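Peer 1: Quick one: structure below, then a few questions.
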Amino acid sequence: MLKHLALLLWLALSPIDQSSTPVLRGTWTASAGKQVFHGTWSAQAVPNSPDAANGSWALLNQSNQIVMMGTWSAVKTPRSWSGTWQARIVPAGGRGTPGRPMSGTWRADIGSSDQRTLGELLQESLEREITGAWQSGPLSGRWSLKGSPR
């Protein structure tokens, strides 16, 4: 039951648009001190705005059940890719009211990447791991993501 509810919530939050911009999906890991988290993500470039993208993400527990889910958005500036994220804790058993909202910021390490748009960077995640940093209030850490072929 929880898996089905979580899947329905995930699909409802996924920014799947019927336009020509493809939806990319993959997995991510993040650290906060010595703690490591993992989950899934989806992304789609904003139509007619190659320097912007948005998507959804989920935090999974050790049993790969969704325990937190949310959305993110990003823009590319001449020197970096950065954005914001927000999420809510998914109630145990899929019952009850979602937890209080959490939010933060993130940025991508672009290094020597020659990708001209955020969509190209996300597409590059199919070939190599993309890394960066995140922050939420006093908490911060590193993250990495990898795209998954369809």
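FYI, nothing fancy with the structure tokens labels: chains A, B, ... in order, residues from 1 per chain, ligands from 1 as they appear.
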Residues of range 54-137 of chain A classed as strand (DSSP E or B) by DSSP on the backbone are to be reported as a PyMOL selection string.

Peer 2: chain A and resi 54-60+66-76+81-89+101-108+130-136

Peer 1: List as a list of chain:residue names the protein and nucleic acid residues near Arg107 in chain A, meaning an atom at most 6 Å away when only C-alpha atoms are counted, but skip any in the same chain fewer than 4 places from it.

Peer 2: A:Trp81, A:Ser82, A:Gly132, A:Ala133

Peer 1: Tell me, as JSON, numbers by chain, which residues lie within 9 Å of range 124-127 of chain A, counting only C-alpha atoms; anything in the same chain fewer than 6 positions away does not count.

Peer 2: {"A": [24, 26, 115, 145, 146, 147, 148, 149]}

Peer 1: Quick check, in Å to one decimal: how far apart do CA of Thr117 in chain A and CA of Asn48 in chain A lie?

Peer 2: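 Between CA of Thr117 in chain A and CA of Asn48 in chain A the gap is 11.8 Å.
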
Peer 1: Tell me which of A:Ala45, A:Ala30, A:Val23, A:Val36 sits closest to Glu120 in chain A, counting only C-alpha atoms.

Peer 2: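 Closest candidate: A:Ala45.
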
Peer 1: What are the DSSP alpha helix (DSSP H) residues of range 2-147 of chain A, as a list in words?

Peer 2: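 Taking range 2-147 of chain A and keeping alpha helix (DSSP H) gives Leu2, Lys3, His4, Leu5, Ala6, Leu7, Leu8, Leu9, Trp10, Leu11, Ala12, Leu13, Leu118, Gly119, Glu120, Leu121, Leu122, Gln123 and Glu124 of chain A.
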
Peer 1: Would you save the residues of that selection, restricted to N, CA and C atoms, as a PDB file, in the first residue's frame?

Peer 2:
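Wrote it out as result-v6.pdb, contents follow:
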```pdb
ATOM      1  N   LEU A   2       1.869   1.285   0.898  1.00  0.00           N
ATOM      2  CA  LEU A   2       2.757   2.452   0.978  1.00  0.00           C
ATOM      3  C   LEU A   2       3.490   2.666  -0.341  1.00  0.00           C
ATOM      4  N   LYS A   3       3.968   1.569  -0.952  1.00  0.00           N
ATOM      5  CA  LYS A   3       4.677   1.701  -2.225  1.00  0.00           C
ATOM      6  C   LYS A   3       3.771   2.304  -3.291  1.00  0.00           C
ATOM      7  N   HIS A   4       2.507   1.836  -3.339  1.00  0.00           N
ATOM      8  CA  HIS A   4       1.574   2.345  -4.346  1.00  0.00           C
ATOM      9  C   HIS A   4       1.260   3.818  -4.120  1.00  0.00           C
ATOM     10  N   LEU A   5       1.020   4.184  -2.865  1.00  0.00           N
ATOM     11  CA  LEU A   5       0.745   5.580  -2.541  1.00  0.00           C
ATOM     12  C   LEU A   5       1.951   6.448  -2.865  1.00  0.00           C
ATOM     13  N   ALA A   6       3.131   5.977  -2.499  1.00  0.00           N
ATOM     14  CA  ALA A   6       4.347   6.737  -2.780  1.00  0.00           C
ATOM     15  C   ALA A   6       4.545   6.899  -4.283  1.00  0.00           C
ATOM     16  N   LEU A   7       4.277   5.846  -5.054  1.00  0.00           N
ATOM     17  CA  LEU A   7       4.414   5.938  -6.503  1.00  0.00           C
ATOM     18  C   LEU A   7       3.428   6.952  -7.069  1.00  0.00           C
ATOM     19  N   LEU A   8       2.183   6.936  -6.596  1.00  0.00           N
ATOM     20  CA  LEU A   8       1.203   7.918  -7.072  1.00  0.00           C
ATOM     21  C   LEU A   8       1.631   9.340  -6.724  1.00  0.00           C
ATOM     22  N   LEU A   9       2.125   9.546  -5.488  1.00  0.00           N
ATOM     23  CA  LEU A   9       2.613  10.869  -5.111  1.00  0.00           C
ATOM     24  C   LEU A   9       3.788  11.285  -5.978  1.00  0.00           C
ATOM     25  N   TRP A  10       4.702  10.354  -6.211  1.00  0.00           N
ATOM     26  CA  TRP A  10       5.881  10.632  -7.050  1.00  0.00           C
ATOM     27  C   TRP A  10       5.452  11.071  -8.448  1.00  0.00           C
ATOM     28  N   LEU A  11       4.513  10.329  -9.048  1.00  0.00           N
ATOM     29  CA  LEU A  11       4.053  10.682 -10.388  1.00  0.00           C
ATOM     30  C   LEU A  11       3.326  12.018 -10.390  1.00  0.00           C
ATOM     31  N   ALA A  12       2.572  12.293  -9.337  1.00  0.00           N
ATOM     32  CA  ALA A  12       1.853  13.570  -9.255  1.00  0.00           C
ATOM     33  C   ALA A  12       2.818  14.736  -9.149  1.00  0.00           C
ATOM     34  N   LEU A  13       3.940  14.560  -8.462  1.00  0.00           N
ATOM     35  CA  LEU A  13       4.915  15.636  -8.309  1.00  0.00           C
ATOM     36  C   LEU A  13       5.858  15.750  -9.495  1.00  0.00           C
ATOM     37  N   LEU A 118      21.562  23.898 -19.021  1.00  0.00           N
ATOM     38  CA  LEU A 118      21.327  23.005 -17.890  1.00  0.00           C
ATOM     39  C   LEU A 118      20.813  21.655 -18.388  1.00  0.00           C
ATOM     40  N   GLY A 119      19.997  21.684 -19.420  1.00  0.00           N
ATOM     41  CA  GLY A 119      19.524  20.431 -20.018  1.00  0.00           C
ATOM     42  C   GLY A 119      20.670  19.568 -20.509  1.00  0.00           C
ATOM     43  N   GLU A 120      21.685  20.195 -21.112  1.00  0.00           N
ATOM     44  CA  GLU A 120      22.859  19.443 -21.566  1.00  0.00           C
ATOM     45  C   GLU A 120      23.627  18.864 -20.386  1.00  0.00           C
ATOM     46  N   LEU A 121      23.726  19.615 -19.285  1.00  0.00           N
ATOM     47  CA  LEU A 121      24.407  19.094 -18.095  1.00  0.00           C
ATOM     48  C   LEU A 121      23.657  17.878 -17.561  1.00  0.00           C
ATOM     49  N   LEU A 122      22.339  17.977 -17.471  1.00  0.00           N
ATOM     50  CA  LEU A 122      21.559  16.843 -16.986  1.00  0.00           C
ATOM     51  C   LEU A 122      21.691  15.652 -17.931  1.00  0.00           C
ATOM     52  N   GLN A 123      21.705  15.905 -19.221  1.00  0.00           N
ATOM     53  CA  GLN A 123      21.895  14.831 -20.196  1.00  0.00           C
ATOM     54  C   GLN A 123      23.274  14.196 -20.006  1.00  0.00           C
ATOM     55  N   GLU A 124      24.264  15.015 -19.652  1.00  0.00           N
ATOM     56  CA  GLU A 124      25.613  14.516 -19.405  1.00  0.00           C
ATOM     57  C   GLU A 124      25.640  13.546 -18.225  1.00  0.00           C
TER      58      GLU A 124
END
```
